[in-house]
$ cat upload_17.txt   # compact mmCIF, C-alpha atoms
# COMPACT_ATOMS: atom_id res chain seq x y z
CA MET A 70 21.66 63.57 13.31
CA SER A 71 20.75 67.08 14.25
CA LYS A 72 17.23 68.35 13.66
CA ASP A 73 18.54 71.92 13.74
CA TRP A 74 20.39 72.05 10.47
CA GLN A 75 21.47 75.62 9.75
CA TYR A 76 22.11 76.27 6.06
CA ARG A 77 23.94 79.17 4.48
CA GLU A 78 23.00 80.47 1.05
CA LEU A 79 25.85 81.04 -1.41
CA ILE A 80 26.03 82.23 -5.02
CA GLU A 81 28.71 80.72 -7.27
CA GLY A 82 28.26 82.05 -10.81
CA GLU A 83 24.89 80.75 -12.00
CA TRP A 84 24.70 78.35 -9.09
CA LYS A 85 22.62 79.02 -5.99
CA LEU A 86 23.76 76.85 -3.08
CA ARG A 87 22.47 75.99 0.38
CA VAL A 88 25.21 74.42 2.45
CA LEU A 89 26.12 73.32 5.95
CA PRO A 90 29.00 75.70 6.70
CA ASP A 91 30.74 73.32 9.11
CA VAL A 92 31.18 70.73 6.33
CA TRP A 93 31.25 72.80 3.14
CA SER A 94 34.49 74.12 1.68
CA GLY A 95 35.88 75.52 -1.55
CA LYS A 96 37.74 72.28 -2.17
CA LEU A 97 34.57 70.23 -1.75
CA TRP A 98 32.76 72.59 -4.17
CA GLN A 99 35.43 72.01 -6.80
CA GLU A 100 35.11 68.27 -6.36
CA VAL A 101 31.34 68.47 -6.74
CA LEU A 102 31.65 70.64 -9.85
CA GLY A 103 34.14 68.22 -11.36
CA VAL A 104 31.81 65.25 -10.94
CA ILE A 105 28.83 67.17 -12.33
CA GLY A 106 30.88 68.32 -15.32
CA ARG A 107 31.95 64.77 -16.20
CA GLN A 108 28.44 63.33 -16.18
CA ALA A 109 26.53 62.89 -19.41
CA PRO A 110 22.94 64.19 -19.30
CA ASP A 111 20.46 61.53 -18.24
CA ARG A 112 16.76 61.75 -17.50
CA HIS A 113 17.28 59.62 -14.39
CA PRO A 114 19.19 61.22 -11.50
CA GLN A 115 22.66 59.78 -11.05
CA THR A 116 24.33 59.20 -7.67
CA VAL A 117 28.11 59.09 -7.20
CA ARG A 118 30.18 58.41 -4.11
CA LEU A 119 32.86 61.04 -3.62
CA GLU A 120 36.17 59.25 -3.23
CA CYS A 121 38.83 61.98 -3.40
CA ARG A 122 37.72 64.29 -0.61
CA GLU A 123 40.05 64.43 2.37
CA ARG A 124 38.17 63.12 5.35
CA SER A 125 38.83 63.12 9.05
CA GLN A 126 35.96 61.71 11.07
CA SER A 127 33.22 62.61 8.58
CA ALA A 128 31.01 60.07 6.88
CA PRO A 129 31.39 59.33 3.15
CA LEU A 130 29.43 61.67 0.91
CA PHE A 131 27.07 60.85 -1.96
CA LEU A 132 26.33 63.27 -4.79
CA LYS A 133 23.00 62.99 -6.63
CA VAL A 134 22.85 64.97 -9.86
CA PHE A 135 19.65 66.10 -11.56
CA HIS A 136 20.00 66.96 -15.24
CA PRO A 137 17.82 69.41 -17.18
CA PRO A 138 14.14 68.43 -17.40
CA SER A 139 12.21 68.58 -20.64
CA GLY A 140 8.67 69.24 -21.82
CA ILE A 141 6.11 70.39 -19.29
CA ASP A 142 8.53 69.82 -16.40
CA ALA A 143 10.95 72.33 -17.88
CA ALA A 144 8.15 74.91 -18.04
CA LYS A 145 7.07 74.17 -14.46
CA ASP A 146 10.61 74.61 -13.19
CA PHE A 147 10.51 78.31 -14.12
CA CYS A 148 8.20 78.91 -11.18
CA ARG A 149 9.11 76.22 -8.67
CA SER A 150 12.17 75.05 -6.78
CA SER A 151 14.40 72.39 -8.25
CA LYS A 152 14.19 68.78 -7.10
CA ALA A 153 17.39 69.41 -5.17
CA PHE A 154 15.88 72.20 -3.08
CA ARG A 155 12.65 70.22 -2.65
CA PHE A 156 14.77 67.29 -1.44
CA LEU A 157 16.46 69.56 1.10
CA ARG A 158 13.19 71.06 2.30
CA GLN A 159 11.53 67.66 2.80
CA SER A 160 14.60 66.18 4.50
CA VAL A 161 14.61 69.00 7.04
CA ALA A 162 10.86 68.61 7.59
CA LEU A 163 11.15 64.83 8.05
CA ALA A 164 14.01 65.20 10.52
CA ALA A 165 12.10 67.85 12.48
CA ALA A 166 9.15 65.45 12.69
CA GLY A 167 11.38 62.76 14.19
CA PHE A 168 12.11 60.56 11.16
CA LEU A 169 15.59 59.39 10.20
CA VAL A 170 16.98 60.73 6.91
CA PRO A 171 20.51 61.28 5.58
CA THR A 172 22.07 64.59 6.54
CA THR A 173 21.99 66.88 3.51
CA VAL A 174 25.37 68.62 3.38
CA ALA A 175 24.51 70.82 0.40
CA ALA A 176 21.96 71.38 -2.34
CA GLY A 177 22.35 73.53 -5.41
CA GLU A 178 20.62 74.58 -8.60
CA GLU A 179 22.04 76.21 -11.73
CA ARG A 180 19.80 78.58 -13.66
CA THR A 181 20.18 80.85 -16.68
CA ARG A 182 17.54 83.61 -16.89
CA GLY A 183 15.30 81.49 -14.67
CA ARG A 184 15.69 78.32 -16.74
CA LEU A 185 16.80 75.38 -14.62
CA LYS A 186 19.89 73.71 -16.07
CA ARG A 187 21.25 71.33 -13.44
CA ALA A 188 20.85 70.63 -9.73
CA PHE A 189 22.42 68.44 -7.08
CA VAL A 190 22.16 67.23 -3.51
CA LEU A 191 25.10 66.09 -1.41
CA THR A 192 24.29 63.79 1.49
CA ALA A 193 26.26 61.99 4.16
CA ALA A 194 26.18 58.21 4.26
CA VAL A 195 23.98 56.55 6.85
CA PRO A 196 24.76 53.35 8.76
CA GLY A 197 23.07 50.19 7.62
CA GLU A 198 21.97 48.54 4.39
CA PRO A 199 19.05 48.99 1.99
CA ALA A 200 16.28 46.57 2.96
CA PRO A 201 16.80 44.11 0.05
CA GLU A 202 20.54 43.85 0.81
CA PHE A 203 19.90 43.57 4.54
CA LEU A 204 17.63 40.59 3.87
CA ARG A 205 19.75 39.03 1.12
CA TYR A 206 22.84 38.94 3.30
CA ARG A 207 20.87 37.08 5.96
CA TYR A 208 18.76 34.69 3.89
CA SER A 209 20.86 33.80 0.83
CA ASP A 210 23.32 30.93 0.46
CA GLY A 211 21.77 28.77 3.14
CA LEU A 212 21.96 31.33 5.95
CA SER A 213 19.32 30.93 8.64
CA GLY A 214 18.40 34.64 8.69
CA LEU A 215 16.82 36.55 11.55
CA GLY A 216 15.21 34.76 14.45
CA LEU A 217 11.44 34.59 14.17
CA ALA A 218 10.84 36.90 17.13
CA GLU A 219 13.49 39.34 15.87
CA LYS A 220 11.94 39.47 12.40
CA ARG A 221 8.46 40.01 13.82
CA LEU A 222 9.63 42.90 15.97
CA ALA A 223 11.40 44.53 13.01
CA LEU A 224 8.35 44.20 10.73
CA GLU A 225 6.03 45.58 13.39
CA SER A 226 8.41 48.45 14.07
CA LEU A 227 8.56 49.31 10.37
CA GLY A 228 4.77 49.11 10.07
CA ARG A 229 4.34 51.56 12.94
CA GLU A 230 7.02 53.84 11.47
CA ILE A 231 5.22 54.09 8.12
CA ARG A 232 1.91 54.65 9.92
CA CYS A 233 3.51 57.54 11.83
CA LEU A 234 4.93 58.89 8.55
CA HIS A 235 1.47 59.01 6.99
CA GLY A 236 -0.09 60.20 10.25
CA ALA A 237 2.24 63.21 10.15
CA GLY A 238 0.98 64.05 6.65
CA PHE A 239 3.98 62.79 4.64
CA VAL A 240 3.71 60.72 1.48
CA HIS A 241 7.03 59.35 0.24
CA GLY A 242 7.65 59.79 -3.46
CA ASP A 243 9.04 56.30 -4.02
CA LEU A 244 8.75 54.08 -0.96
CA VAL A 245 10.28 50.96 -2.51
CA PRO A 246 12.35 48.70 -0.22
CA THR A 247 15.63 50.01 -1.65
CA ASN A 248 14.74 53.45 -0.26
CA ILE A 249 14.58 52.14 3.30
CA VAL A 250 17.99 51.65 4.92
CA ILE A 251 17.99 49.37 7.97
CA ALA A 252 20.50 50.06 10.73
CA THR A 253 21.09 47.69 13.65
CA GLU A 254 21.45 49.16 17.13
CA PRO A 255 23.81 47.69 19.76
CA ASP A 256 20.85 46.13 21.59
CA GLY A 257 19.69 44.43 18.38
CA GLY A 258 16.89 46.88 17.62
CA ARG A 259 16.35 48.32 14.16
CA ARG A 260 16.26 51.88 12.89
CA PHE A 261 14.87 52.86 9.49
CA TYR A 262 16.26 55.67 7.32
CA LEU A 263 14.09 57.14 4.56
CA MET A 264 16.10 57.77 1.40
CA ASP A 265 15.55 59.69 -1.86
CA ASN A 266 13.12 62.29 -0.60
CA ASP A 267 13.05 64.64 -3.60
CA ARG A 268 9.46 63.61 -4.43
CA THR A 269 8.23 63.29 -0.84
CA ARG A 270 5.39 65.66 0.01
CA ARG A 271 3.70 66.77 3.20
CA TYR A 272 -0.03 67.50 3.17
CA PRO A 273 -2.18 69.24 5.78
CA LEU A 274 -3.80 66.65 8.04
CA TRP A 275 -7.24 67.94 7.06
CA TRP A 276 -6.47 67.56 3.35
CA PRO A 277 -8.44 64.60 1.92
CA GLN A 278 -6.01 62.36 0.04
CA SER A 279 -5.22 58.68 -0.29
CA LEU A 280 -1.72 58.81 -1.77
CA TRP A 281 -0.49 56.84 1.23
CA LYS A 282 -2.06 53.77 -0.41
CA ARG A 283 0.45 54.16 -3.24
CA ASN A 284 3.24 53.86 -0.67
CA LEU A 285 1.79 50.54 0.50
CA VAL A 286 1.84 49.20 -3.06
CA GLN A 287 5.41 50.40 -3.57
CA LEU A 288 6.53 48.57 -0.44
CA ASN A 289 4.50 45.45 -1.14
CA ARG A 290 5.15 44.72 -4.82
CA ILE A 291 8.74 43.42 -4.62
CA PRO A 292 9.50 39.83 -3.48
CA LEU A 293 12.19 39.91 -0.78
CA PRO A 294 14.44 37.23 0.72
CA GLY A 295 13.00 35.77 3.90
CA ILE A 296 9.73 37.72 3.67
CA THR A 297 6.68 35.46 3.63
CA LEU A 298 3.03 36.26 3.07
CA GLN A 299 2.56 36.03 6.83
CA ASP A 300 5.30 38.66 7.26
CA ARG A 301 3.49 40.99 4.87
CA MET A 302 0.30 40.53 6.87
CA ARG A 303 2.18 41.22 10.09
CA PHE A 304 3.53 44.47 8.65
CA PHE A 305 0.06 45.45 7.48
CA ARG A 306 -1.50 44.73 10.87
CA ALA A 307 1.11 46.92 12.61
CA TYR A 308 0.64 49.65 9.98
CA SER A 309 -3.15 49.69 10.25
CA GLY A 310 -3.21 49.69 14.04
CA TRP A 311 -6.56 47.90 13.90
CA PRO A 312 -6.91 45.23 16.62
CA ASP A 313 -9.42 43.14 14.63
CA TRP A 314 -9.96 42.28 10.99
CA SER A 315 -12.63 44.85 10.28
CA GLY A 316 -14.52 45.22 7.03
CA ALA A 317 -12.46 48.29 6.15
CA GLU A 318 -9.23 46.39 6.79
CA ARG A 319 -10.29 43.46 4.60
CA LYS A 320 -11.37 45.85 1.85
CA LEU A 321 -8.00 47.61 1.91
CA LEU A 322 -6.15 44.26 1.87
CA ALA A 323 -8.13 43.12 -1.18
CA TRP A 324 -7.35 46.39 -2.95
CA LEU A 325 -3.66 46.09 -2.06
CA GLU A 326 -3.49 42.56 -3.45
CA ARG A 327 -5.15 43.63 -6.74
CA LYS A 328 -2.80 46.60 -7.16
CA THR A 329 0.25 44.50 -6.26
CA ARG A 330 -0.66 41.91 -8.90
CA GLN A 331 -1.14 44.69 -11.45
CA ARG A 332 2.21 46.32 -10.64
CA ARG A 333 4.07 43.02 -10.74
CA GLN A 334 2.75 42.48 -14.27
CA GLU A 335 3.56 46.06 -15.36
CA CYS A 336 7.00 46.31 -13.78
CA ASP A 337 8.29 42.75 -13.85
CA GLY A 338 6.38 41.15 -16.71
CA VAL A 339 5.16 38.22 -14.62
CA ASP A 340 1.82 36.44 -14.81
CA PRO A 341 -0.25 38.12 -12.08
CA GLY A 342 -2.69 35.22 -11.73
CA GLY A 343 -2.65 32.23 -9.42
CA SER A 344 -1.50 32.02 -5.83
CA PHE A 345 -0.55 35.36 -4.30
CA ARG A 346 1.80 33.55 -1.93
CA LYS A 347 3.67 32.05 -4.88
CA LEU A 348 3.64 35.35 -6.78
CA MET A 349 5.38 37.12 -3.90
CA THR A 350 7.93 34.41 -3.08
CA TRP A 351 11.52 35.53 -3.64
CA LYS A 352 13.54 33.46 -6.09
CA ARG A 353 17.31 33.45 -5.94
CA GLU A 354 18.89 34.77 -9.15
CA THR A 355 20.87 32.20 -11.09
CA THR A 356 23.73 32.88 -13.50
$ encode --input "upload_17.txt" --output "structure tokens"
Amino acid sequence: MSKDWQYRELIEGEWKLRVLPDVWSGKLWQEVLGVIGRQAPDRHPQTVRLECRERSQSAPLFLKVFHPPSGIDAAKDFCRSSKAFRFLRQSVALAAAGFLVPTTVAAGEERTRGRLKRAFVLTAAVPGEPAPEFLRYRYSDGLSGLGLAEKRLALESLGREIRCLHGAGFVHGDLVPTNIVIATEPDGGRRFYLMDNDRTRRYPLWWPQSLWKRNLVQLNRIPLPGITLQDRMRFFRAYSGWPDWSGAERKLLAWLERKTRQRRQECDGVDPGGSFRKLMTWKRETT
């Protein structure tokens, strides 16, 4: 993926667009408009795979549609960019900093007299699978999963990647496992793509903030196939970069366990008490 994306600004009626000219076309614009027009308004962004576009060697495209905000967000959007343009800006910044993200083919926002109506981002598919699927395909139905050494290397690599993300000043808006796509390289190594970056922010390195801790909770709170408590500790050790279990490290681990228990109760309705190992053990869904 190129780090030198060059976007062209276009005006189409009330739409302002930023597009990659080598991929964008009038036919693709009509397809995007058709999908947006058929969608019912929803407070949660909706993502659709474009099926009808004629393709040669290009990757499949995914269209994420943002519908009109309400309340205070609607007032804020008079004087700030749409989520679509923020998504584009952060994707370009992440790529320039060396992180893997989907290529944004186009972003657009529709406004009437400054009032934001709708917005969209169009991204190219990336190789690989979201982390939960990657693990489920390897650990469900009696499969033996990754080799122990292979799993350790992948967890340590991911831990260092998230540490680098935070070290560069980025805080992901929703760093749940489904927003990390895992791609396998020919030599067996793993690459990690960061998805859904419309709420990702970059802060100056001197700016005092601890939002990165929220990312750790988002990653930690979901039980995953094949991921043990020891695996979570291995990720944390690689993320922290601390060679020994210092007092600060133990304090952060205790905080992370408390917040994970709290979020599991709030999001999943489970009893947060008892063994943390048992709380975070993945259970196969039964029908």
$ closest_residue --input "upload_17.txt" --among "A:Met264, A:Ala166, A:Ser151, A:Glu230" --to "Phe131 in chain A" --atoms "all atoms listed in the file"
A:Met264
$ residues_around --input "upload_17.txt" --residues "Glu219 in chain A" --least-positions-apart "2" --cutoff "12 Å" --atoms "all atoms listed in the file" --output "ChimeraX atom specification"
/A:214-217,221-226,253,256-259,300
$ closest_residue --input "upload_17.txt" --among "A:Arg271, A:Arg229, A:His241, A:Arg184" --to "Pro137 in chain A" --atoms "all atoms listed in the file"
A:Arg184
$ closest_residue --input "upload_17.txt" --among "A:Ala175, A:Leu288, A:Val240, A:Val250" --to "Pro273 in chain A" --atoms "all atoms listed in the file"
A:Val240
$ atom_distance --input "upload_17.txt" --atom1 "CA of Gln108 in chain A" --atom2 "CA of Glu78 in chain A"
24.9 Å
$ residues_around --input "upload_17.txt" --residues "Phe305 in chain A" --least-positions-apart "6" --cutoff "10 Å" --atoms "all atoms listed in the file" --output "list in words"
Leu224, Glu225, Leu227, Gly228, Arg229, Arg232, Leu285, Asn289, Gln299, Trp311, Glu318 and Leu322 of chain A
$ residues_around --input "upload_17.txt" --residues "range 198-204 of chain A" --least-positions-apart "4" --cutoff "8 Å" --atoms "only C-alpha atoms" --output "list in words"
Tyr208, Gly214, Pro246, Thr247, Asn248, Ile249, Val250, Ile251, Ala252, Leu293, Pro294 and Gly295 of chain A
$ closest_residue --input "upload_17.txt" --among "A:Thr350, A:Gln278, A:Asn266, A:Gln334" --to "Pro292 in chain A" --atoms "only C-alpha atoms"
A:Thr350
$ atom_distance --input "upload_17.txt" --atom1 "CA of Lys347 in chain A" --atom2 "CA of Leu298 in chain A"
9.0 Å
$ residues_around --input "upload_17.txt" --residues "Leu89 in chain A" --least-positions-apart "4" --cutoff "6 Å" --atoms "only C-alpha atoms" --output "number ranges by chain"
A: 76, 93, 174
$ closest_residue --input "upload_17.txt" --among "A:Ala109, A:Ile296, A:Val339, A:Val170" --to "Lys220 in chain A" --atoms "only C-alpha atoms"
A:Ile296
$ closest_residue --input "upload_17.txt" --among "A:Val286, A:Val134, A:Val92, A:Cys336" --to "Asp111 in chain A" --atoms "only C-alpha atoms"
A:Val134
$ atom_distance --input "upload_17.txt" --atom1 "CA of Arg187 in chain A" --atom2 "CA of Phe135 in chain A"
5.8 Å
